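Asks: Got start_1.txt for you, compact mmCIF, C-alpha atoms:
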# COMPACT_ATOMS: atom_id res chain seq x y z
CA MET A 135 68.90 30.13 99.93
CA ARG A 136 67.39 29.45 96.51
CA SER A 137 65.34 32.09 94.78
CA HIS A 138 61.79 31.11 93.88
CA LEU A 139 60.96 34.35 92.10
CA PRO A 140 59.13 34.01 88.81
CA GLY A 141 60.91 35.17 85.68
CA MET A 142 59.75 38.19 83.77
CA ALA A 143 59.68 39.45 80.21
CA ILE A 144 60.57 43.05 79.47
CA ARG A 145 59.99 44.96 76.27
CA PRO A 146 61.01 48.55 76.93
CA GLY A 147 59.84 51.48 74.86
CA SER A 148 61.89 54.45 73.73
CA SER A 149 63.53 56.76 76.23
CA ARG A 150 63.21 60.54 76.26
CA LEU A 151 66.01 60.72 78.82
CA LEU A 152 68.39 58.93 76.46
CA ILE A 153 67.51 61.26 73.58
CA LEU A 154 67.96 64.28 75.85
CA PHE A 155 71.28 62.97 77.20
CA LEU A 156 72.73 62.22 73.75
CA THR A 157 71.56 65.56 72.35
CA ALA A 158 73.04 67.49 75.29
CA ILE A 159 76.40 65.70 75.03
CA HIS A 160 76.72 66.37 71.29
CA VAL A 161 75.58 70.00 71.54
CA LEU A 162 78.09 70.56 74.34
CA ALA A 163 80.87 69.02 72.24
CA LEU A 164 79.95 71.12 69.20
CA THR A 165 79.80 74.30 71.29
CA GLY A 166 83.19 73.57 72.80
CA LEU A 167 84.70 73.02 69.36
CA LEU A 168 83.24 76.23 68.00
CA ILE A 169 84.59 78.42 70.80
CA ALA A 170 87.97 76.67 71.14
CA PRO A 171 90.98 78.42 69.57
CA LEU A 172 91.70 75.83 66.86
CA THR A 173 92.92 76.00 63.30
CA ALA A 174 90.27 75.63 60.61
CA THR A 175 91.50 72.19 59.57
CA THR A 176 91.55 70.84 63.12
CA ARG A 177 88.13 72.30 63.83
CA LEU A 178 86.71 70.75 60.66
CA LEU A 179 88.16 67.33 61.51
CA LEU A 180 86.84 67.42 65.07
CA LEU A 181 83.41 68.69 63.96
CA SER A 182 83.25 65.81 61.47
CA ALA A 183 84.17 63.33 64.22
CA VAL A 184 81.43 64.67 66.53
CA ALA A 185 78.88 64.58 63.68
CA LEU A 186 79.82 60.98 62.86
CA HIS A 187 79.54 60.01 66.51
CA ALA A 188 76.12 61.66 66.74
CA ARG A 189 74.99 59.65 63.71
CA TYR A 190 76.38 56.44 65.20
CA SER A 191 74.68 57.14 68.56
CA TYR A 192 71.35 57.77 66.87
CA ARG A 193 71.58 54.55 64.85
CA ARG A 194 72.83 52.47 67.79
CA PHE A 195 70.57 53.66 70.60
CA ILE A 196 67.52 55.41 69.14
CA LYS A 197 66.64 53.96 65.74
CA PRO A 198 65.51 50.31 65.77
CA HIS A 199 67.87 48.01 63.90
CA GLN A 200 68.53 44.31 63.45
CA LYS A 201 71.22 43.91 66.10
CA ARG A 202 69.35 45.78 68.82
CA ILE A 203 67.78 43.78 71.64
CA THR A 204 64.01 44.34 71.60
CA GLN A 205 62.84 41.94 74.30
CA VAL A 206 64.40 40.04 77.20
CA ARG A 207 62.94 37.17 79.18
CA LEU A 208 64.80 36.77 82.48
CA GLU A 209 64.55 33.74 84.72
CA SER A 210 65.41 33.81 88.43
CA ASP A 211 68.41 31.50 87.86
CA GLY A 212 70.07 34.11 85.63
CA THR A 213 69.12 32.53 82.29
CA ALA A 214 68.07 35.06 79.68
CA TYR A 215 66.27 34.72 76.38
CA LEU A 216 66.98 37.68 74.09
CA THR A 217 64.95 38.67 71.03
CA MET A 218 66.82 40.80 68.52
CA GLY A 219 65.40 43.40 66.13
CA ASN A 220 65.38 40.98 63.19
CA GLY A 221 63.46 38.35 65.19
CA THR A 222 66.35 36.02 65.99
CA LYS A 223 66.37 34.56 69.46
CA LYS A 224 69.48 34.06 71.56
CA ARG A 225 70.02 32.34 74.88
CA GLY A 226 72.50 33.50 77.45
CA THR A 227 73.21 34.12 81.08
CA LEU A 228 73.03 37.33 83.03
CA ARG A 229 76.45 38.47 84.20
CA ALA A 230 77.06 39.41 87.83
CA ASP A 231 78.65 42.72 86.79
CA SER A 232 75.36 44.15 85.50
CA LEU A 233 74.74 47.65 86.85
CA VAL A 234 71.54 48.55 88.71
CA THR A 235 70.91 52.15 89.79
CA PRO A 236 67.67 54.10 90.32
CA TRP A 237 68.13 55.88 86.96
CA VAL A 238 69.58 53.28 84.64
CA LEU A 239 70.03 49.50 84.45
CA ILE A 240 72.80 48.02 82.32
CA LEU A 241 72.20 44.33 81.85
CA ARG A 242 75.15 42.35 80.52
CA PHE A 243 74.72 38.91 79.00
CA ASN A 244 77.10 36.11 78.02
CA LEU A 245 75.60 34.44 74.97
CA GLU A 246 75.73 30.68 74.45
CA ARG A 247 78.09 29.49 71.72
CA GLN A 248 79.34 33.03 71.14
CA PHE A 249 82.38 34.82 72.43
CA ARG A 250 80.81 38.25 72.38
CA MET A 251 78.76 39.77 75.13
CA GLU A 252 75.53 41.76 74.74
CA ASN A 253 74.63 44.86 76.75
CA PHE A 254 71.08 46.07 77.27
CA VAL A 255 70.58 49.57 78.67
CA ILE A 256 67.25 50.39 80.32
CA TRP A 257 66.60 53.98 81.37
CA GLN A 258 64.01 54.67 84.07
CA ASP A 259 61.46 56.05 81.62
CA MET A 260 61.55 52.97 79.35
CA LEU A 261 59.46 50.81 81.71
CA SER A 262 56.60 51.48 84.09
CA SER A 263 57.56 51.97 87.74
CA THR A 264 56.03 48.59 88.64
CA GLU A 265 58.00 46.74 85.96
CA LEU A 266 61.18 48.55 86.95
CA ARG A 267 60.71 47.62 90.61
CA GLN A 268 60.00 43.97 89.73
CA LEU A 269 63.11 43.88 87.55
CA ARG A 270 65.30 45.33 90.30
CA VAL A 271 63.97 42.75 92.78
CA LEU A 272 64.59 39.93 90.30
CA LEU A 273 68.13 41.16 89.66
CA ARG A 274 68.84 41.58 93.36
CA PHE A 275 67.74 38.07 94.28
CA SER A 276 68.77 36.20 91.14
CA ARG A 277 71.31 33.41 91.40
CA THR A 278 74.07 35.42 89.69
CA ASN A 279 74.21 37.83 92.62
CA GLN A 280 74.37 35.22 95.41
Now that the file is in, can you turn its structure into structure tokens?
Replies:
Amino acid sequence: MRSHLPGMAIRPGSSRLLILFLTAIHVLALTGLLIAPLTATTRLLLLSAVALHARYSYRRFIKPHQKRITQVRLESDGTAYLTMGNGTKKRGTLRADSLVTPWVLILRFNLERQFRMENFVIWQDMLSSTELRQLRVLLRFSRTNQ
């Protein structure tokens, strides 16, 4: 059975859940390092690693940058049109191994003429409940999942 669902464009906002999750993970790691019986050198190296990872996470997931996907246009046949932070547009296909849960959606795309794959994470508070429901229906009945 062919899907005759219309495509949809999504442009998610920022996520408080993502900020809370990343902050909690890094605070937990720092607390564990401070109370662990480690030598000063080992503790300093591990604290530096956690601080660098926190900086990377902030730049990768929170702060807008050129390589971040800012908008996705999904068609019912699995074709996707991605708009990056610097305005470049890429065309790809939605992979069947994309993850859909009530809390988070991880959309995975194979890009045309590129070997690499793009991931787009959408937390439940990044879209309105109506948009999230429409996106789940589109993903459920898209051609990649049949």
Asks: Looking at A:Val271, A:Ala183, A:Leu168, A:Leu216, which one is nearest to A:Glu252, with distances taken over all atoms listed in the file?
Replies: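 Looking only at the distances to A:Glu252, the closest residue turns out to be A:Leu216.
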Asks: Can you work out which one of A:Asn220, A:Thr227, A:Leu180, A:Leu208 has the shortest atom-to-atom distance to A:Gln268, counting all atoms listed in the file?
Replies: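 Selected residue with least distance to A:Gln268: A:Leu208.
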Asks: When distances are computed from only C-alpha atoms, which of A:Ala230, A:Leu172, A:Leu156, A:Ile203 shows the smallest separation from A:Met218?
Replies: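 With only C-alpha atoms as the atom set, the closest residue is A:Ile203.
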Asks: Here is a test: counting only C-alpha atoms, which residue of A:Arg202, A:Thr264, A:Gly212, A:Ser149 is nearest to A:Val238?
Replies: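 Answer, going by the shortest atom-to-atom distance: A:Ser149.
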Asks: Residues near stretch 185-197 of chain A, anyone? I mean within 10 Å using all atoms listed in the file, not counting same-chain ones fewer than 2 positions away, as a ChimeraX atom specification.
Replies: /A:148-150,152-153,156-157,159-161,163-164,179-183,199,201-202,255
Asks: Please indicate the distance in Å from atom CA of A:Phe275 to atom CA of A:Pro236, rounded to one decimal place.
Replies: 16.5 Å
Asks: What does the distance between atom CA of A:Leu272 and atom CA of A:Arg225 come to in Å, to one decimal place?
Replies: 18.0 Å
Asks: Which distance in Å separates atom CA of A:Arg242 and atom CA of A:Gly147, to one decimal?
Replies: 18.7 Å
Asks: So which one's closest to A:Lys224, A:Ile256, A:Leu167, A:Val206, A:Leu178? Using only C-alpha atoms, please.
Replies: A:Val206
Asks: Using only C-alpha atoms, give me every residue within 8 Å of (59.3, 43.7, 76.1) in file coordinates, as a PyMOL selection string.
Replies: chain A and resi 143-147+204-206
Asks: Pick out the closest residue to A:Gln258 from this set: A:Leu239, A:Leu233, A:Leu228, A:Ile169. Count only C-alpha atoms.
Replies: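 The answer is A:Leu239, which sits nearest to A:Gln258.
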Asks: Enumerate, as a list of chain:residue names, the protein, DNA and RNA residues whose atoms approach (75.0, 43.0, 85.7) to within 10 Å, taking into account only C-alpha atoms and the coordinate frame of the file.
Replies: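 The answer, in the requested form, is A:Leu228, A:Arg229, A:Ala230, A:Asp231, A:Ser232, A:Leu233, A:Val234, A:Leu239, A:Ile240, A:Leu241, A:Arg242, A:Phe243, A:Asn253, A:Phe254, A:Leu273, A:Arg274, A:Thr278, A:Asn279.
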Asks: Take the selection from the previous step and output its residues with C-alpha atoms, as a PDB file, in the coordinates of the input.
Replies:
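Generated file (out_1.pdb):
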ATOM      1  CA  LEU A 228      73.030  37.330  83.030  1.00  0.00           C
ATOM      2  CA  ARG A 229      76.450  38.470  84.200  1.00  0.00           C
ATOM      3  CA  ALA A 230      77.060  39.410  87.830  1.00  0.00           C
ATOM      4  CA  ASP A 231      78.650  42.720  86.790  1.00  0.00           C
ATOM      5  CA  SER A 232      75.360  44.150  85.500  1.00  0.00           C
ATOM      6  CA  LEU A 233      74.740  47.650  86.850  1.00  0.00           C
ATOM      7  CA  VAL A 234      71.540  48.550  88.710  1.00  0.00           C
ATOM      8  CA  LEU A 239      70.030  49.500  84.450  1.00  0.00           C
ATOM      9  CA  ILE A 240      72.800  48.020  82.320  1.00  0.00           C
ATOM     10  CA  LEU A 241      72.200  44.330  81.850  1.00  0.00           C
ATOM     11  CA  ARG A 242      75.150  42.350  80.520  1.00  0.00           C
ATOM     12  CA  PHE A 243      74.720  38.910  79.000  1.00  0.00           C
ATOM     13  CA  ASN A 253      74.630  44.860  76.750  1.00  0.00           C
ATOM     14  CA  PHE A 254      71.080  46.070  77.270  1.00  0.00           C
ATOM     15  CA  LEU A 273      68.130  41.160  89.660  1.00  0.00           C
ATOM     16  CA  ARG A 274      68.840  41.580  93.360  1.00  0.00           C
ATOM     17  CA  THR A 278      74.070  35.420  89.690  1.00  0.00           C
ATOM     18  CA  ASN A 279      74.210  37.830  92.620  1.00  0.00           C
TER      19      ASN A 279
END
Asks: Kindly list the centre and edge lengths in Å, rounded to one decimal, for the axis-aligned box that covers all listed atoms of stretch 170-183 of chain A plus 6 Å on each of its six sides, as JSON.
Replies:
{"center_x": 88.1, "center_y": 70.9, "center_z": 65.4, "size_x": 21.7, "size_y": 27.1, "size_z": 23.6}
Asks: Please rebuild stretch 185-208 of chain A with N, CA and C atoms and give the result as a CSV table (one decimal), in the frame of the given file.
Replies:
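Result file part39.csv:
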chain,number,residue,atom,x,y,z
A,185,ALA,N,80.1,64.8,64.5
A,185,ALA,CA,78.9,64.6,63.7
A,185,ALA,C,78.8,63.1,63.4
A,186,LEU,N,79.9,62.4,63.1
A,186,LEU,CA,79.8,61.0,62.9
A,186,LEU,C,79.4,60.2,64.1
A,187,HIS,N,79.9,60.7,65.3
A,187,HIS,CA,79.5,60.0,66.5
A,187,HIS,C,78.1,60.2,66.8
A,188,ALA,N,77.5,61.4,66.5
A,188,ALA,CA,76.1,61.7,66.7
A,188,ALA,C,75.3,60.7,65.9
A,189,ARG,N,75.7,60.6,64.6
A,189,ARG,CA,75.0,59.6,63.7
A,189,ARG,C,75.0,58.2,64.2
A,190,TYR,N,76.2,57.8,64.7
A,190,TYR,CA,76.4,56.4,65.2
A,190,TYR,C,75.5,56.3,66.4
A,191,SER,N,75.5,57.2,67.3
A,191,SER,CA,74.7,57.1,68.6
A,191,SER,C,73.2,57.0,68.2
A,192,TYR,N,72.8,57.8,67.3
A,192,TYR,CA,71.4,57.8,66.9
A,192,TYR,C,71.0,56.4,66.3
A,193,ARG,N,71.9,55.9,65.4
A,193,ARG,CA,71.6,54.6,64.8
A,193,ARG,C,71.7,53.4,65.9
A,194,ARG,N,72.6,53.5,66.8
A,194,ARG,CA,72.8,52.5,67.8
A,194,ARG,C,71.8,52.4,68.9
A,195,PHE,N,71.4,53.6,69.4
A,195,PHE,CA,70.6,53.7,70.6
A,195,PHE,C,69.1,54.1,70.4
A,196,ILE,N,68.9,54.9,69.3
A,196,ILE,CA,67.5,55.4,69.1
A,196,ILE,C,66.7,54.7,68.1
A,197,LYS,N,67.3,54.6,66.9
A,197,LYS,CA,66.6,54.0,65.7
A,197,LYS,C,66.7,52.4,65.9
A,198,PRO,N,65.5,51.8,65.7
A,198,PRO,CA,65.5,50.3,65.8
A,198,PRO,C,66.3,49.7,64.6
A,199,HIS,N,67.1,48.7,64.9
A,199,HIS,CA,67.9,48.0,63.9
A,199,HIS,C,68.0,46.5,64.2
A,200,GLN,N,68.5,45.8,63.3
A,200,GLN,CA,68.5,44.3,63.4
A,200,GLN,C,69.3,43.8,64.6
A,201,LYS,N,70.4,44.4,65.0
A,201,LYS,CA,71.2,43.9,66.1
A,201,LYS,C,70.8,44.4,67.5
A,202,ARG,N,69.8,45.2,67.5
A,202,ARG,CA,69.4,45.8,68.8
A,202,ARG,C,68.4,44.8,69.5
A,203,ILE,N,68.6,44.7,70.8
A,203,ILE,CA,67.8,43.8,71.6
A,203,ILE,C,66.4,44.5,71.8
A,204,THR,N,65.3,43.8,71.5
A,204,THR,CA,64.0,44.3,71.6
A,204,THR,C,63.2,43.8,72.8
A,205,GLN,N,63.6,42.6,73.2
A,205,GLN,CA,62.8,41.9,74.3
A,205,GLN,C,63.8,41.0,75.0
A,206,VAL,N,63.6,40.9,76.4
A,206,VAL,CA,64.4,40.0,77.2
A,206,VAL,C,63.5,39.3,78.1
A,207,ARG,N,63.6,38.0,78.2
A,207,ARG,CA,62.9,37.2,79.2
A,207,ARG,C,64.0,36.7,80.2
A,208,LEU,N,63.9,37.1,81.4
A,208,LEU,CA,64.8,36.8,82.5
A,208,LEU,C,64.2,35.7,83.4
